[in-house]
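> This is coords01.cif, which holds mmCIF, C-alpha atoms, pLDDT in the B column; chains and numbers go by the auth columns:
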```cif
data_work
#
loop_
_atom_site.group_PDB
_atom_site.id
_atom_site.type_symbol
_atom_site.label_atom_id
_atom_site.label_comp_id
_atom_site.label_asym_id
_atom_site.label_seq_id
_atom_site.Cartn_x
_atom_site.Cartn_y
_atom_site.Cartn_z
_atom_site.B_iso_or_equiv
_atom_site.auth_seq_id
_atom_site.auth_asym_id
ATOM 1 C CA MET A 1 0.000 0.000 0.000 63.00 125 C
ATOM 2 C CA THR A 2 2.777 2.403 0.990 69.00 126 C
ATOM 3 C CA GLU A 3 4.857 1.499 -2.066 70.00 127 C
ATOM 4 C CA THR A 4 1.840 2.047 -4.309 85.00 128 C
ATOM 5 C CA LEU A 5 1.270 5.504 -2.816 84.00 129 C
ATOM 6 C CA ILE A 6 4.953 6.424 -3.210 84.00 130 C
ATOM 7 C CA ASP A 7 4.944 5.209 -6.817 84.00 131 C
ATOM 8 C CA THR A 8 1.794 7.220 -7.534 89.00 132 C
ATOM 9 C CA LEU A 9 3.298 10.395 -6.042 89.00 133 C
ATOM 10 C CA HIS A 10 6.531 9.815 -7.945 91.00 134 C
ATOM 11 C CA GLU A 11 4.711 9.395 -11.234 91.00 135 C
ATOM 12 C CA ALA A 12 2.651 12.528 -10.575 93.00 136 C
ATOM 13 C CA ASP A 13 5.828 14.442 -9.735 93.00 137 C
ATOM 14 C CA VAL A 14 7.502 13.438 -12.988 92.00 138 C
ATOM 15 C CA ALA A 15 4.330 14.118 -14.978 93.00 139 C
ATOM 16 C CA LEU A 16 4.178 17.616 -13.469 93.00 140 C
ATOM 17 C CA SER A 17 7.788 18.219 -14.505 94.00 141 C
ATOM 18 C CA VAL A 18 7.015 17.240 -18.082 94.00 142 C
ATOM 19 C CA GLU A 19 3.926 19.440 -18.189 95.00 143 C
ATOM 20 C CA ALA A 20 5.517 22.447 -16.473 94.00 144 C
ATOM 21 C CA GLY A 21 8.678 22.070 -18.506 94.00 145 C
ATOM 22 C CA GLN A 22 6.760 23.041 -21.637 95.00 146 C
ATOM 23 C CA LEU A 23 6.885 26.600 -20.271 95.00 147 C
ATOM 24 C CA ARG A 24 10.677 26.745 -19.952 95.00 148 C
ATOM 25 C CA ASP A 25 11.008 29.113 -22.907 95.00 149 C
ATOM 26 C CA HIS A 26 8.240 31.449 -21.767 97.00 150 C
ATOM 27 C CA PRO A 27 9.581 35.005 -21.185 97.00 151 C
ATOM 28 C CA ALA A 28 8.203 35.155 -17.622 97.00 152 C
ATOM 29 C CA VAL A 29 9.831 31.850 -16.698 96.00 153 C
ATOM 30 C CA GLU A 30 13.108 32.893 -18.293 96.00 154 C
ATOM 31 C CA THR A 31 13.062 36.225 -16.441 96.00 155 C
ATOM 32 C CA LEU A 32 12.265 34.684 -13.063 96.00 156 C
ATOM 33 C CA GLY A 33 14.795 31.965 -13.752 96.00 157 C
ATOM 34 C CA PHE A 34 17.475 34.530 -14.463 96.00 158 C
ATOM 35 C CA LEU A 35 16.670 36.404 -11.256 95.00 159 C
ATOM 36 C CA SER A 36 16.671 33.145 -9.281 96.00 160 C
ATOM 37 C CA GLU A 37 20.332 32.635 -10.133 95.00 161 C
ATOM 38 C CA ILE A 38 21.124 35.029 -7.283 93.00 162 C
ATOM 39 C CA SER A 39 20.638 32.003 -5.027 93.00 163 C
ATOM 40 C CA ASP A 40 23.245 29.942 -6.860 93.00 164 C
ATOM 41 C CA GLN A 41 26.340 29.317 -4.736 91.00 165 C
ATOM 42 C CA PRO A 42 28.836 31.888 -6.121 93.00 166 C
ATOM 43 C CA PRO A 43 26.511 34.941 -6.078 95.00 167 C
ATOM 44 C CA ALA A 44 24.813 33.895 -2.827 96.00 168 C
ATOM 45 C CA PHE A 45 28.101 33.491 -0.974 95.00 169 C
ATOM 46 C CA THR A 46 29.500 36.667 -2.508 96.00 170 C
ATOM 47 C CA LEU A 47 26.493 38.755 -1.473 95.00 171 C
ATOM 48 C CA ALA A 48 26.434 37.333 2.047 95.00 172 C
ATOM 49 C CA ALA A 49 30.165 37.927 2.489 95.00 173 C
ATOM 50 C CA ALA A 50 29.935 41.473 1.104 96.00 174 C
ATOM 51 C CA ALA A 51 26.996 42.264 3.390 94.00 175 C
ATOM 52 C CA THR A 52 28.924 40.907 6.380 94.00 176 C
ATOM 53 C CA VAL A 53 31.905 43.111 5.619 95.00 177 C
ATOM 54 C CA ALA A 54 29.662 46.124 5.014 95.00 178 C
ATOM 55 C CA GLY A 55 27.857 45.548 8.300 93.00 179 C
ATOM 56 C CA LEU A 56 31.120 45.332 10.211 93.00 180 C
ATOM 57 C CA LEU A 57 32.670 48.365 8.553 94.00 181 C
ATOM 58 C CA THR A 58 29.591 50.529 9.063 93.00 182 C
ATOM 59 C CA ARG A 59 28.961 49.086 12.531 91.00 183 C
ATOM 60 C CA GLN A 60 25.439 48.052 11.630 92.00 184 C
ATOM 61 C CA SER A 61 25.095 45.146 14.034 90.00 185 C
ATOM 62 C CA ARG A 62 21.844 43.761 12.603 91.00 186 C
ATOM 63 C CA LEU A 63 23.226 43.700 9.070 93.00 187 C
ATOM 64 C CA ALA A 64 26.472 42.124 10.256 93.00 188 C
ATOM 65 C CA GLU A 65 24.692 39.457 12.288 94.00 189 C
ATOM 66 C CA GLY A 66 22.058 38.693 9.669 94.00 190 C
ATOM 67 C CA SER A 67 24.564 38.323 6.875 95.00 191 C
ATOM 68 C CA THR A 68 26.916 36.275 9.066 95.00 192 C
ATOM 69 C CA ARG A 69 24.023 33.984 9.892 96.00 193 C
ATOM 70 C CA ALA A 70 23.188 33.781 6.184 97.00 194 C
ATOM 71 C CA LEU A 71 26.794 32.995 5.260 97.00 195 C
ATOM 72 C CA ALA A 72 27.003 30.196 7.824 97.00 196 C
ATOM 73 C CA SER A 73 23.591 28.840 6.830 98.00 197 C
ATOM 74 C CA LEU A 74 24.538 28.863 3.146 97.00 198 C
ATOM 75 C CA TRP A 75 27.734 26.971 3.906 97.00 199 C
ATOM 76 C CA LEU A 76 25.939 24.301 5.938 98.00 200 C
ATOM 77 C CA ALA A 77 23.109 23.967 3.411 98.00 201 C
ATOM 78 C CA THR A 78 25.694 23.512 0.664 96.00 202 C
ATOM 79 C CA GLN A 79 27.429 20.761 2.633 96.00 203 C
ATOM 80 C CA ILE A 80 24.179 18.916 3.309 97.00 204 C
ATOM 81 C CA LYS A 81 22.762 19.114 -0.190 96.00 205 C
ATOM 82 C CA GLY A 82 26.149 18.242 -1.679 94.00 206 C
ATOM 83 C CA ARG A 83 26.290 14.990 0.267 94.00 207 C
ATOM 84 C CA ILE A 84 22.746 14.103 -0.732 95.00 208 C
ATOM 85 C CA LYS A 85 23.374 14.899 -4.398 94.00 209 C
ATOM 86 C CA SER A 86 26.471 12.690 -4.461 91.00 210 C
ATOM 87 C CA ALA A 87 24.458 9.754 -3.106 93.00 211 C
ATOM 88 C CA VAL A 88 21.065 10.175 -4.789 94.00 212 C
ATOM 89 C CA VAL A 89 20.661 9.867 -8.543 93.00 213 C
ATOM 90 C CA ARG A 90 17.801 11.655 -10.237 95.00 214 C
ATOM 91 C CA THR A 91 17.648 12.863 -13.799 94.00 215 C
ATOM 92 C CA ARG A 92 16.933 16.560 -14.235 95.00 216 C
ATOM 93 C CA PRO A 93 13.679 17.381 -16.041 96.00 217 C
ATOM 94 C CA HIS A 94 15.408 19.019 -19.013 94.00 218 C
ATOM 95 C CA LYS A 95 17.221 15.765 -19.797 92.00 219 C
ATOM 96 C CA LEU A 96 13.923 13.913 -19.655 91.00 220 C
ATOM 97 C CA LEU A 97 12.282 16.472 -21.936 93.00 221 C
ATOM 98 C CA GLU A 98 15.126 16.700 -24.428 92.00 222 C
ATOM 99 C CA GLU A 99 16.331 13.085 -24.516 91.00 223 C
ATOM 100 C CA GLY A 100 13.460 11.093 -23.089 88.00 224 C
ATOM 101 C CA HIS A 101 15.809 9.719 -20.446 87.00 225 C
ATOM 102 C CA TYR A 102 14.900 9.433 -16.776 90.00 226 C
ATOM 103 C CA GLU A 103 16.326 7.436 -13.907 89.00 227 C
ATOM 104 C CA THR A 104 16.492 7.576 -10.154 90.00 228 C
ATOM 105 C CA GLY A 105 18.287 5.584 -7.505 87.00 229 C
ATOM 106 C CA VAL A 106 21.424 5.685 -5.372 89.00 230 C
ATOM 107 C CA ASN A 107 25.159 5.541 -5.991 81.00 231 C
ATOM 108 C CA GLY A 108 24.921 6.246 -9.698 74.00 232 C
ATOM 109 C CA PRO A 109 26.624 8.870 -11.865 77.00 233 C
ATOM 110 C CA ASP A 110 27.607 11.931 -9.832 80.00 234 C
ATOM 111 C CA GLU A 111 27.048 14.380 -12.678 87.00 235 C
ATOM 112 C CA HIS A 112 25.044 17.584 -13.067 89.00 236 C
ATOM 113 C CA ASP A 113 22.309 16.037 -15.223 91.00 237 C
ATOM 114 C CA TYR A 114 21.768 13.312 -12.619 92.00 238 C
ATOM 115 C CA ASN A 115 21.956 15.558 -9.531 92.00 239 C
ATOM 116 C CA SER A 116 18.434 16.948 -9.532 95.00 240 C
ATOM 117 C CA PHE A 117 17.713 15.994 -5.908 96.00 241 C
ATOM 118 C CA PRO A 118 17.576 18.200 -3.857 97.00 242 C
ATOM 119 C CA SER A 119 17.356 21.715 -5.314 97.00 243 C
ATOM 120 C CA GLY A 120 20.439 23.673 -4.273 96.00 244 C
ATOM 121 C CA HIS A 121 18.927 26.976 -5.385 96.00 245 C
ATOM 122 C CA THR A 122 15.981 26.400 -3.059 97.00 246 C
ATOM 123 C CA ALA A 123 18.140 25.249 -0.159 97.00 247 C
ATOM 124 C CA ASP A 124 20.328 28.346 -0.371 97.00 248 C
ATOM 125 C CA ALA A 125 17.418 30.740 -0.865 97.00 249 C
ATOM 126 C CA VAL A 126 15.465 29.370 2.101 98.00 250 C
ATOM 127 C CA ALA A 127 18.522 29.192 4.359 98.00 251 C
ATOM 128 C CA ALA A 128 19.513 32.790 3.625 97.00 252 C
ATOM 129 C CA ALA A 129 15.949 34.119 3.887 97.00 253 C
ATOM 130 C CA ARG A 130 15.363 32.450 7.234 97.00 254 C
ATOM 131 C CA ALA A 131 18.740 33.608 8.538 97.00 255 C
ATOM 132 C CA MET A 132 18.164 37.248 7.603 96.00 256 C
ATOM 133 C CA GLY A 133 14.653 37.044 8.970 95.00 257 C
ATOM 134 C CA ARG A 134 16.013 36.210 12.417 95.00 258 C
ATOM 135 C CA VAL A 135 17.338 39.757 12.783 94.00 259 C
ATOM 136 C CA ALA A 136 14.678 41.426 10.626 93.00 260 C
ATOM 137 C CA PRO A 137 11.371 39.770 11.628 92.00 261 C
ATOM 138 C CA HIS A 138 9.319 42.289 9.636 93.00 262 C
ATOM 139 C CA ALA A 139 11.083 41.100 6.476 94.00 263 C
ATOM 140 C CA GLN A 140 10.695 37.398 7.214 93.00 264 C
ATOM 141 C CA GLY A 141 7.506 37.015 5.171 95.00 265 C
ATOM 142 C CA PRO A 142 8.733 38.769 2.003 96.00 266 C
ATOM 143 C CA LEU A 143 12.108 37.006 2.201 96.00 267 C
ATOM 144 C CA LEU A 144 10.542 33.564 2.474 96.00 268 C
ATOM 145 C CA ALA A 145 8.058 34.419 -0.283 97.00 269 C
ATOM 146 C CA ALA A 146 10.963 35.357 -2.542 96.00 270 C
ATOM 147 C CA ALA A 147 12.728 32.122 -1.608 97.00 271 C
ATOM 148 C CA GLY A 148 9.542 30.238 -2.474 97.00 272 C
ATOM 149 C CA ILE A 149 9.453 31.826 -5.914 97.00 273 C
ATOM 150 C CA VAL A 150 13.119 30.957 -6.454 97.00 274 C
ATOM 151 C CA GLY A 151 12.314 27.340 -5.661 97.00 275 C
ATOM 152 C CA LEU A 152 9.051 26.964 -7.546 97.00 276 C
ATOM 153 C CA VAL A 153 10.326 28.535 -10.769 97.00 277 C
ATOM 154 C CA GLN A 154 12.885 25.727 -11.036 98.00 278 C
ATOM 155 C CA VAL A 155 10.052 23.379 -12.036 97.00 279 C
ATOM 156 C CA PRO A 156 8.888 25.199 -15.203 97.00 280 C
ATOM 157 C CA ARG A 157 12.557 25.957 -15.912 97.00 281 C
ATOM 158 C CA ALA A 158 12.986 22.159 -16.138 96.00 282 C
ATOM 159 C CA LYS A 159 15.860 22.373 -13.685 96.00 283 C
ATOM 160 C CA HIS A 160 14.199 20.454 -10.844 97.00 284 C
ATOM 161 C CA HIS A 161 11.193 18.320 -10.004 97.00 285 C
ATOM 162 C CA LEU A 162 8.759 19.641 -7.401 97.00 286 C
ATOM 163 C CA THR A 163 9.925 17.123 -4.784 97.00 287 C
ATOM 164 C CA ASP A 164 13.500 18.340 -5.354 97.00 288 C
ATOM 165 C CA VAL A 165 12.300 21.828 -4.463 98.00 289 C
ATOM 166 C CA VAL A 166 10.493 20.637 -1.342 97.00 290 C
ATOM 167 C CA ALA A 167 13.573 18.691 -0.259 97.00 291 C
ATOM 168 C CA GLY A 168 15.762 21.724 -0.924 98.00 292 C
ATOM 169 C CA ALA A 169 13.525 23.875 1.272 98.00 293 C
ATOM 170 C CA ILE A 170 13.822 21.327 4.079 98.00 294 C
ATOM 171 C CA VAL A 171 17.605 21.314 3.735 98.00 295 C
ATOM 172 C CA GLY A 172 17.653 25.101 3.947 98.00 296 C
ATOM 173 C CA LEU A 173 15.450 25.141 7.042 98.00 297 C
ATOM 174 C CA VAL A 174 17.485 22.448 8.786 98.00 298 C
ATOM 175 C CA ALA A 175 20.787 24.183 8.011 98.00 299 C
ATOM 176 C CA GLU A 176 19.568 27.548 9.255 98.00 300 C
ATOM 177 C CA ALA A 177 18.037 26.019 12.392 98.00 301 C
ATOM 178 C CA ALA A 178 21.384 24.426 13.230 98.00 302 C
ATOM 179 C CA VAL A 179 23.192 27.734 12.760 97.00 303 C
ATOM 180 C CA ASP A 180 20.594 29.522 14.882 96.00 304 C
ATOM 181 C CA ALA A 181 21.110 26.948 17.647 95.00 305 C
ATOM 182 C CA VAL A 182 24.844 27.692 17.606 94.00 306 C
ATOM 183 C CA PHE A 183 24.223 31.442 17.838 92.00 307 C
ATOM 184 C CA LYS A 184 21.864 30.924 20.768 91.00 308 C
ATOM 185 C CA ALA A 185 24.339 28.630 22.531 89.00 309 C
ATOM 186 C CA VAL A 186 27.168 31.146 22.147 86.00 310 C
ATOM 187 C CA ARG A 187 25.002 33.952 23.473 83.00 311 C
ATOM 188 C CA ALA A 188 23.845 31.849 26.417 78.00 312 C
ATOM 189 C CA ARG A 189 27.363 31.132 27.678 73.00 313 C
ATOM 190 C CA PRO A 190 28.058 34.576 29.209 64.00 314 C
ATOM 191 C CA ARG A 191 24.614 34.559 30.806 59.00 315 C
ATOM 192 C CA LEU A 192 25.340 31.116 32.239 50.00 316 C
ATOM 193 C CA ARG A 193 28.595 32.362 33.741 52.00 317 C
ATOM 194 C CA VAL A 194 26.829 35.334 35.344 47.00 318 C
ATOM 195 C CA ALA A 195 24.131 33.060 36.784 49.00 319 C
ATOM 196 C CA LEU A 196 26.746 30.679 38.234 41.00 320 C
ATOM 197 C CA ARG A 197 28.629 33.559 39.827 54.00 321 C
ATOM 198 C CA ARG A 198 25.452 34.850 41.431 54.00 322 C
ATOM 199 C CA ASP A 199 24.725 31.387 42.822 51.00 323 C
ATOM 200 C CA GLU A 200 28.247 31.191 44.245 51.00 324 C
ATOM 201 C CA ASP A 201 27.810 34.582 45.926 50.00 325 C
#
```
Rewrite the structure of this file - the entire thing - as structure tokens.


Amino acid sequence: MTETLIDTLHEADVALSVEAGQLRDHPAVETLGFLSEISDQPPAFTLAAAATVAGLLTRQSRLAEGSTRALASLWLATQIKGRIKSAVVRTRPHKLLEEGHYETGVNGPDEHDYNSFPSGHTADAVAAARAMGRVAPHAQGPLLAAAGIVGLVQVPRAKHHLTDVVAGAIVGLVAEAAVDAVFKAVRARPRLRVALRRDED
């Protein structure tokens, strides 16, 4: 029963990729796709690093912290999704559309066309959006909405299947949550020392 449900969802996911992929040359999809490249690793890391430096130089603590959080979250998300991609094989939609070839499994070819799962663009976008939102709560909604668009447009772009996008979002959330836990632990240490001293007194 469970296997049947999984197979049904998998087939629907692939069918959606084929259908949505017909729009990959649409001007709106191309424009959004171009803009979504800001969440690719090189530009994402560059922007986060530049914002960190700018925040430190201008002594804007919120900018410095938010961008530092984003930089750390991007790094961790990249590590996680990289390990998954190297282990999980899944053909990208464009290869299916252009060559009629599709396969999925584990421990297969570790190549770009077979590394569809999970979506790195989505992982990075969600991780950075959540990280910046920690220090700018009022911007949390718009940032996550933008990250959602970055992820969802990968489907009609024929870059990723919808489940790749969902998995990428989970990776981004997990990575950022881990970084947030580290920040909270570091901040709690001085408070712990003060509390211990008071107890000793």

> Just give me the gap between CA of Gln278 (chain C) and CA of Ser243 (chain C) in Å, one decimal is fine.

8.3 Å

> Restricting the calculation to only C-alpha atoms, which member of C:Gly272, C:Gly157, C:Gly190, C:Pro242 is positioned closest to Val303 (chain C)?

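When distances to Val303 (chain C) are compared using only C-alpha atoms, the smallest one comes from C:Gly190.
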
> Figure out the distance between CA of Asp131 (chain C) and CA of Glu223 (chain C), please, to one decimal in Å.

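So the answer is 22.5 Å.
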
> Can you spell out as a count of residues only the set of residues that the PyMOL selection byres ((chain C and resi 293) around 12) selects in the structure I just provided?

39

> Do you have the CA of Pro166 (chain C)-CA of Leu198 (chain C) distance handy?

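Distance between the two atoms: 10.7 Å.
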
> Compile the contact shell of Ala144 (chain C) as a ChimeraX atom specification: residues with an atom at most 12 Å away, counting only C-alpha atoms, same-chain residues fewer than 5 positions apart removed.

/C:136-139,149-150,153,217-218,221,276-286

> Tell me which of C:Gly229, C:Ala302, C:His134, C:Phe169 sits closest to Leu195 (chain C), counting all atoms listed in the file.

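The shortest atom-to-atom distance to Leu195 (chain C) comes from C:Phe169.
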
> Find the residue from C:Ala194, C:Gly206, C:Val213, C:Asn239 that sits nearest to Thr170 (chain C); use only C-alpha atoms when measuring.

C:Ala194

> So, counting all atoms listed in the file, which residue among C:Val212, C:Leu187, C:Ile162, C:Val310 is closest to Ala260 (chain C)?

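Closest to Ala260 (chain C), using all atoms listed in the file: C:Leu187.
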
> May I ask which of the residues C:Val259, C:Ala301, C:Ala172, C:Leu267 is the closest one to Ser185 (chain C), counting all atoms listed in the file?

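Selected residue with least distance to Ser185 (chain C): C:Val259.
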
> For the structure provided, state which residues fall under the PyMOL selection byres ((chain C and resi 233) around 12), and present them as a PyMOL selection string.

chain C and resi 209-215+227-232+234-240

> Could you tell me which of C:Leu220, C:Ala173, C:Ala309, C:Leu159 comes closest to Ala196 (chain C) if we count only C-alpha atoms?

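Under the stated criterion, the closest residue is C:Ala173.
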